[in-house]
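Below is the file structure06.cif, which contains mmCIF, C-alpha atoms.
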data_target
loop_
_atom_site.label_atom_id
_atom_site.label_comp_id
_atom_site.auth_asym_id
_atom_site.auth_seq_id
_atom_site.Cartn_x
_atom_site.Cartn_y
_atom_site.Cartn_z
CA MET A 1 -10.43 -25.36 -22.11
CA HIS A 2 -7.07 -24.75 -23.76
CA GLU A 3 -4.28 -27.31 -23.47
CA VAL A 4 -2.06 -24.83 -21.59
CA SER A 5 -4.78 -24.27 -18.99
CA ARG A 6 -5.31 -28.00 -18.51
CA ARG A 7 -1.60 -28.49 -17.92
CA ARG A 8 -1.53 -25.70 -15.34
CA ILE A 9 -4.46 -27.15 -13.42
CA THR A 10 -3.02 -30.68 -13.55
CA ALA A 11 0.36 -29.41 -12.29
CA ILE A 12 -1.27 -27.59 -9.37
CA LEU A 13 -3.41 -30.57 -8.37
CA LEU A 14 -0.56 -33.05 -8.56
CA GLY A 15 1.87 -30.68 -6.84
CA CYS A 16 -0.38 -30.12 -3.83
CA ILE A 17 -1.32 -33.79 -3.51
CA VAL A 18 2.29 -35.00 -3.82
CA MET A 19 3.60 -32.49 -1.28
CA THR A 20 0.80 -33.33 1.13
CA GLY A 21 1.87 -36.97 0.90
CA ILE A 22 5.52 -36.04 1.42
CA GLY A 23 4.58 -33.94 4.44
CA TRP A 24 2.68 -36.93 5.85
CA VAL A 25 5.73 -39.17 5.38
CA ILE A 26 8.13 -36.65 6.96
CA ILE A 27 5.88 -36.15 9.97
CA SER A 28 5.55 -39.91 10.41
CA GLU A 29 9.32 -40.44 10.16
CA VAL A 30 10.32 -37.58 12.48
CA THR A 31 7.68 -38.02 15.15
CA GLY A 32 7.11 -41.74 14.84
CA THR A 33 3.35 -41.13 14.71
CA PRO A 34 1.38 -40.28 11.55
CA PRO A 35 -0.72 -37.11 11.76
CA THR A 36 -4.48 -37.20 11.82
CA ASN A 37 -6.52 -37.44 8.65
CA ARG A 38 -7.23 -33.71 9.02
CA PHE A 39 -3.76 -33.06 7.62
CA LEU A 40 -4.56 -34.98 4.44
CA HIS A 41 -7.98 -33.38 4.17
CA THR A 42 -6.41 -29.93 4.44
CA GLY A 43 -3.85 -30.70 1.73
CA PHE A 44 -6.43 -32.12 -0.66
CA ALA A 45 -8.80 -29.20 -0.01
CA LEU A 46 -5.97 -26.78 -0.75
CA ALA A 47 -5.22 -28.63 -4.00
CA LEU A 48 -8.82 -28.37 -5.16
CA THR A 49 -9.08 -24.72 -4.10
CA LEU A 50 -5.89 -23.68 -5.91
CA ALA A 51 -6.86 -25.61 -9.04
CA ALA A 52 -10.35 -24.10 -9.09
CA ALA A 53 -9.02 -20.57 -8.46
CA ASP A 54 -6.40 -20.95 -11.19
CA ALA A 55 -8.96 -22.28 -13.69
CA TRP A 56 -11.35 -19.42 -12.94
CA LEU A 57 -8.63 -16.74 -13.14
CA HIS A 58 -7.19 -18.23 -16.30
CA TRP A 59 -10.64 -18.32 -17.91
CA MET A 60 -11.53 -14.77 -16.88
CA GLY A 61 -8.07 -13.60 -17.90
CA ARG A 62 -8.98 -13.97 -21.56
CA THR A 63 -11.01 -10.77 -21.36
CA ARG A 64 -9.48 -8.93 -18.37
CA ALA A 65 -5.80 -8.32 -17.76
CA LEU A 66 -6.26 -8.03 -13.98
CA TYR A 67 -7.42 -11.64 -13.68
CA ARG A 68 -4.60 -12.86 -15.88
CA MET A 69 -2.09 -11.09 -13.66
CA LEU A 70 -3.65 -12.59 -10.53
CA SER A 71 -3.41 -16.06 -12.05
CA ARG A 72 0.38 -15.72 -11.83
CA THR A 73 0.15 -15.93 -8.03
CA THR A 74 -1.28 -19.46 -7.91
CA PHE A 75 2.09 -21.10 -8.60
CA ALA A 76 3.75 -18.99 -5.92
CA THR A 77 1.09 -20.19 -3.47
CA LEU A 78 1.69 -23.78 -4.59
CA LEU A 79 5.42 -23.45 -3.97
CA ILE A 80 4.80 -21.94 -0.53
CA TRP A 81 2.78 -25.04 0.39
CA PHE A 82 5.46 -27.20 -1.23
CA ILE A 83 8.21 -25.82 1.03
CA SER A 84 5.95 -25.53 4.08
CA CYS A 85 5.58 -29.31 4.12
CA LEU A 86 9.26 -29.45 5.17
CA LEU A 87 8.46 -27.39 8.28
CA LEU A 88 5.11 -28.84 9.32
CA PRO A 89 6.61 -31.84 11.18
CA LEU A 90 7.88 -29.41 13.83
CA PHE A 91 4.34 -28.75 15.03
CA TRP A 92 3.67 -32.47 15.53
CA ILE A 93 6.66 -33.12 17.78
CA GLU A 94 5.40 -33.49 21.36
CA GLU A 95 8.83 -32.73 22.85
CA VAL A 96 8.65 -29.17 21.48
CA GLU A 97 6.79 -26.91 23.87
CA LEU A 98 3.90 -24.76 22.76
CA ARG A 99 5.89 -21.63 23.58
CA THR A 100 8.67 -22.72 21.20
CA LYS A 101 6.16 -23.49 18.47
CA LEU A 102 4.67 -20.02 18.86
CA MET A 103 8.16 -18.51 18.66
CA ALA A 104 8.78 -20.48 15.47
CA LEU A 105 5.48 -19.30 14.03
CA GLY A 106 6.36 -15.71 14.95
CA LEU A 107 9.78 -16.01 13.29
CA MET A 108 8.23 -17.33 10.10
CA SER A 109 5.54 -14.62 10.10
CA TRP A 110 8.18 -11.92 10.61
CA LEU A 111 10.33 -13.11 7.69
CA CYS A 112 7.36 -13.61 5.36
CA GLY A 113 5.75 -10.30 6.28
CA ALA A 114 9.00 -8.36 5.82
CA ASN A 115 9.51 -9.91 2.39
CA ALA A 116 5.92 -9.22 1.32
CA ILE A 117 6.34 -5.55 2.26
CA ARG A 118 9.69 -5.42 0.46
CA GLY A 119 8.20 -6.90 -2.73
CA PHE A 120 5.35 -4.39 -2.57
CA ARG A 121 7.74 -1.46 -2.17
CA GLN A 122 10.11 -2.69 -4.86
CA PHE A 123 7.36 -2.68 -7.46
CA ARG A 124 6.03 0.71 -6.33
CA ALA A 125 9.51 2.22 -6.67
CA ALA A 126 10.06 0.72 -10.14
CA TRP A 127 6.56 1.78 -11.20
CA ALA A 128 7.15 5.36 -10.08
CA ALA A 129 10.49 5.52 -11.89
CA ARG A 130 9.73 3.75 -15.18
CA GLY A 131 5.98 3.14 -15.25
CA PRO A 132 4.92 6.05 -17.53
CA ALA A 133 7.56 5.24 -20.16
CA VAL A 134 6.67 1.55 -20.17
CA LEU A 135 2.94 2.25 -20.39
CA ALA A 136 3.50 4.30 -23.52
CA GLU A 137 4.83 1.15 -25.21
CA HIS A 138 2.40 -1.54 -24.06
CA TYR A 139 -0.84 0.21 -23.12
CA LEU A 140 -3.34 1.02 -25.88
CA GLU A 141 -5.72 3.36 -24.09
CA VAL A 142 -8.11 3.85 -27.00
CA GLU A 143 -8.55 0.11 -27.58
CA GLY A 144 -8.54 -0.59 -23.84
CA THR A 145 -5.86 -3.29 -24.07
CA ILE A 146 -2.66 -3.79 -22.13
CA GLU A 147 0.04 -6.47 -22.05
CA TRP A 148 0.98 -6.58 -18.38
CA ASP A 149 3.63 -9.29 -18.58
CA TRP A 150 5.67 -7.18 -20.98
CA ILE A 151 5.26 -4.18 -18.70
CA VAL A 152 6.60 -6.11 -15.71
CA GLU A 153 9.51 -7.39 -17.82
CA ALA A 154 10.34 -3.84 -18.94
CA LEU A 155 10.32 -2.57 -15.34
CA ARG A 156 13.33 -4.83 -14.64
CA LEU A 157 12.25 -5.72 -11.13
CA GLU A 158 14.92 -7.08 -8.81
CA LEU A 159 13.68 -9.34 -6.02
CA PRO A 160 16.76 -10.90 -4.41
CA MET A 161 16.67 -13.05 -1.31
CA TYR A 162 16.02 -10.81 1.68
CA VAL A 163 16.61 -11.42 5.39
CA PRO A 164 15.79 -8.45 7.66
CA LEU A 165 18.73 -7.03 9.63
CA VAL A 166 21.19 -9.04 7.51
CA ASN A 167 23.50 -7.31 5.04
CA ARG A 168 22.94 -8.46 1.46
CA PHE A 169 26.60 -9.49 1.20
CA THR A 170 26.22 -11.89 4.13
CA ILE A 171 22.94 -13.43 2.96
CA PRO A 172 24.79 -16.34 1.22
CA LEU A 173 26.40 -17.15 4.58
CA ALA A 174 22.98 -17.03 6.23
CA MET A 175 21.66 -19.39 3.56
CA VAL A 176 24.48 -21.86 4.14
CA ALA A 177 23.83 -21.70 7.88
CA GLY A 178 20.14 -22.19 7.23
CA ILE A 179 20.70 -25.27 5.07
CA GLY A 180 22.99 -26.71 7.72
CA GLY A 181 20.41 -25.98 10.37
CA PHE A 182 17.69 -27.75 8.40
CA MET A 183 19.86 -30.83 7.94
CA VAL A 184 20.80 -31.26 11.60
CA ALA A 185 17.98 -29.55 13.52
CA PRO A 186 15.34 -32.33 13.28
CA SER A 187 17.72 -34.85 14.87
CA MET A 188 18.73 -32.44 17.66
CA VAL A 189 15.28 -31.45 18.91
CA ASP A 190 15.61 -33.70 21.97
CA SER A 191 18.96 -32.17 22.97
CA TYR A 192 18.13 -28.55 22.08
CA PRO A 193 14.33 -28.20 22.38
CA VAL A 194 14.42 -24.44 21.69
CA ALA A 195 17.44 -23.71 19.50
CA ALA A 196 16.95 -26.65 17.11
CA PRO A 197 13.29 -25.87 16.25
CA LEU A 198 14.14 -22.20 15.68
CA ALA A 199 17.08 -23.10 13.43
CA TRP A 200 14.78 -25.47 11.53
CA THR A 201 12.16 -22.71 11.18
CA PHE A 202 14.71 -20.13 10.02
CA ALA A 203 16.06 -22.41 7.29
CA ILE A 204 12.65 -23.13 5.77
CA SER A 205 11.19 -19.66 6.37
CA VAL A 206 13.98 -17.96 4.42
CA LEU A 207 12.97 -20.00 1.37
CA ILE A 208 9.25 -19.46 1.89
CA SER A 209 9.65 -15.74 2.50
CA TRP A 210 11.13 -15.13 -0.96
CA PHE A 211 7.85 -16.24 -2.52
CA PHE A 212 6.09 -13.74 -0.29
CA GLN A 213 8.13 -11.10 -2.11
CA LEU A 214 6.40 -12.28 -5.28
CA LEU A 215 3.00 -12.08 -3.58
CA GLY A 216 3.76 -8.59 -2.27
CA SER A 217 4.85 -7.48 -5.71
CA GLY A 218 1.70 -9.06 -7.14
CA ALA A 219 -0.46 -7.09 -4.72
CA ALA A 220 1.22 -3.85 -5.82
CA GLN A 221 0.74 -4.81 -9.47
CA ALA A 222 -2.94 -5.49 -8.89
CA LEU A 223 -3.37 -2.04 -7.31
CA ALA A 224 -1.54 -0.34 -10.18
CA LEU A 225 -3.60 -2.16 -12.78
CA ARG A 226 -6.81 -1.39 -10.91
CA HIS A 227 -5.91 2.32 -10.83
CA LEU A 228 -5.41 2.21 -14.61
CA GLU A 229 -8.84 0.66 -15.00
CA GLN A 230 -10.41 3.32 -12.82
CA ALA A 231 -8.70 6.06 -14.86
CA ALA A 232 -9.91 4.45 -18.10
CA GLY A 233 -13.41 3.95 -16.72
CA ARG A 234 -13.56 0.32 -17.88
CA PRO A 235 -11.83 -3.04 -17.40
CA LEU A 236 -8.67 -3.44 -19.45
CA ALA A 237 -8.33 -6.48 -21.70
CA PRO A 238 -5.06 -8.29 -22.43
CA LEU A 239 -3.50 -7.55 -25.80
CA PHE A 240 -3.63 -11.27 -26.65
CA ALA A 241 -6.91 -12.92 -25.60
CA ASP A 242 -5.41 -16.37 -26.24
CA GLU A 243 -2.35 -16.57 -24.02
CA ALA A 244 -0.90 -19.38 -26.13
CA LEU A 245 -0.57 -16.95 -29.04
CA ARG A 246 1.27 -14.30 -27.03
CA PRO A 247 4.98 -14.05 -27.82
CA VAL A 248 7.18 -14.94 -24.87
CA ARG A 249 9.22 -11.78 -25.15
CA ARG A 250 7.98 -8.27 -25.65
CA PRO A 251 8.86 -6.58 -28.94
CA ARG A 252 11.83 -4.28 -28.67
CA LYS A 253 11.94 -0.85 -30.22
CA ARG A 254 14.41 -0.44 -33.04
CA LYS A 255 17.04 2.17 -32.43
CA LYS A 256 16.95 5.10 -34.77
CA ARG A 257 20.09 5.63 -36.77
#
Please express the file's structure as structure tokens.
Amino acid sequence: MHEVSRRRITAILLGCIVMTGIGWVIISEVTGTPPTNRFLHTGFALALTLAAADAWLHWMGRTRALYRMLSRTTFATLLIWFISCLLLPLFWIEEVELRTKLMALGLMSWLCGANAIRGFRQFRAAWAARGPAVLAEHYLEVEGTIEWDWIVEALRLELPMYVPLVNRFTIPLAMVAGIGGFMVAPSMVDSYPVAAPLAWTFAISVLISWFFQLLGSGAAQALALRHLEQAAGRPLAPLFADEALRPVRRPRKRKKR
């Protein structure tokens, strides 16, 4: 296994384990009671699953571009778990009613789902507008090779922070309010058993939801790449089988004088 792959797997394992431990500490501090061992078992199982999935995708990505592209989603999933550990204590607080917890879960699902759909649509729009021109540069149909990372870079995707029903000019204000809510909400759960948990959920969910934009965009990329494979009648290989040898930036065309 290549050194780059080993570093990726080590980072994923350590990241999940560390954040599971931090989540345990936060829950214990906020609620005064440590969670059951099931919480630790879930975190460790997630760490092993993500590491195994990343290793398999990274290995298969040497010969198929689709798997290499999918391997880019493992770090987004890791970061979602990373940030989620800041919200998990809410569901261990006995003073918060089940109805409020379900409302918080619904708020988080709404924000994450809206961002996933937005990321999917953003890629589809960029692909429809610039996809054919970019393919002509980085897709060798005869050889059956494609360099997907360069294609995504050339599409110039824009995935800014998105909050449904909020104007993009006021999103910074919403972020400031969210950060303030996260800082004060845990200590105000007793006084405001509904408003404080929802403010806490909103603050963390806005951060988590941006990574769902990446996952939504990744899903659209997987569909586009799969359609190219179907049109070619065979799996497409990456231009550089060894990812360590691939230049970071795509080559730029020289302008004709």
Could you tell me which residues the PyMOL selection byres ((chain A and resi 229-241) around 10) returns for this structure, as a PyMOL selection string? chain A and resi 61-69+138-149+223-228+242-247
Residues matched by the PyMOL selection byres ((chain A and resi 122) around 8) as a PyMOL selection string: chain A and resi 118-121+123-126+157-159+217
Using only C-alpha atoms, can you tell me which of A:Met19, A:Ala222, A:Val152, A:Leu102 comes closest to Trp81 (chain A)? A:Met19
Looking at A:Leu48, A:Leu207, A:Leu155, A:Ala196, which one is nearest to Ala128 (chain A), with distances taken over only C-alpha atoms? A:Leu155
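Here CA of Ile17 (chain A) and CA of Gly43 (chain A) stand 6.6 Å from one another.
Minimum atom-to-atom distance to Pro164 (chain A), evaluated using all atoms listed in the file, belongs to A:Val206 out of A:Ala55, A:Ile151, A:Ala136, A:Val206.
Each of A:Ala219, A:Val96, A:Ala199, A:Leu79 was checked against Ala116 (chain A) using all atoms listed in the file; the smallest atom-to-atom distance is that of A:Ala219.
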Output the residue selection produced by the PyMOL selection byres ((chain A and resi 85) around 8) on the file above, formatted as a ChimeraX atom specification. /A:19-20,22-23,81-84,86-89
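Of the residues listed (A:Cys112, A:Leu90, A:Leu50, A:Val25), A:Cys112 shows the shortest atom-to-atom separation from Leu214 (chain A); distances use all atoms listed in the file.
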Calculated over only C-alpha atoms, which of the candidates A:Thr10, A:Leu105, A:Gln221, A:Tyr162 has the smallest distance to Trp127 (chain A)? A:Gln221
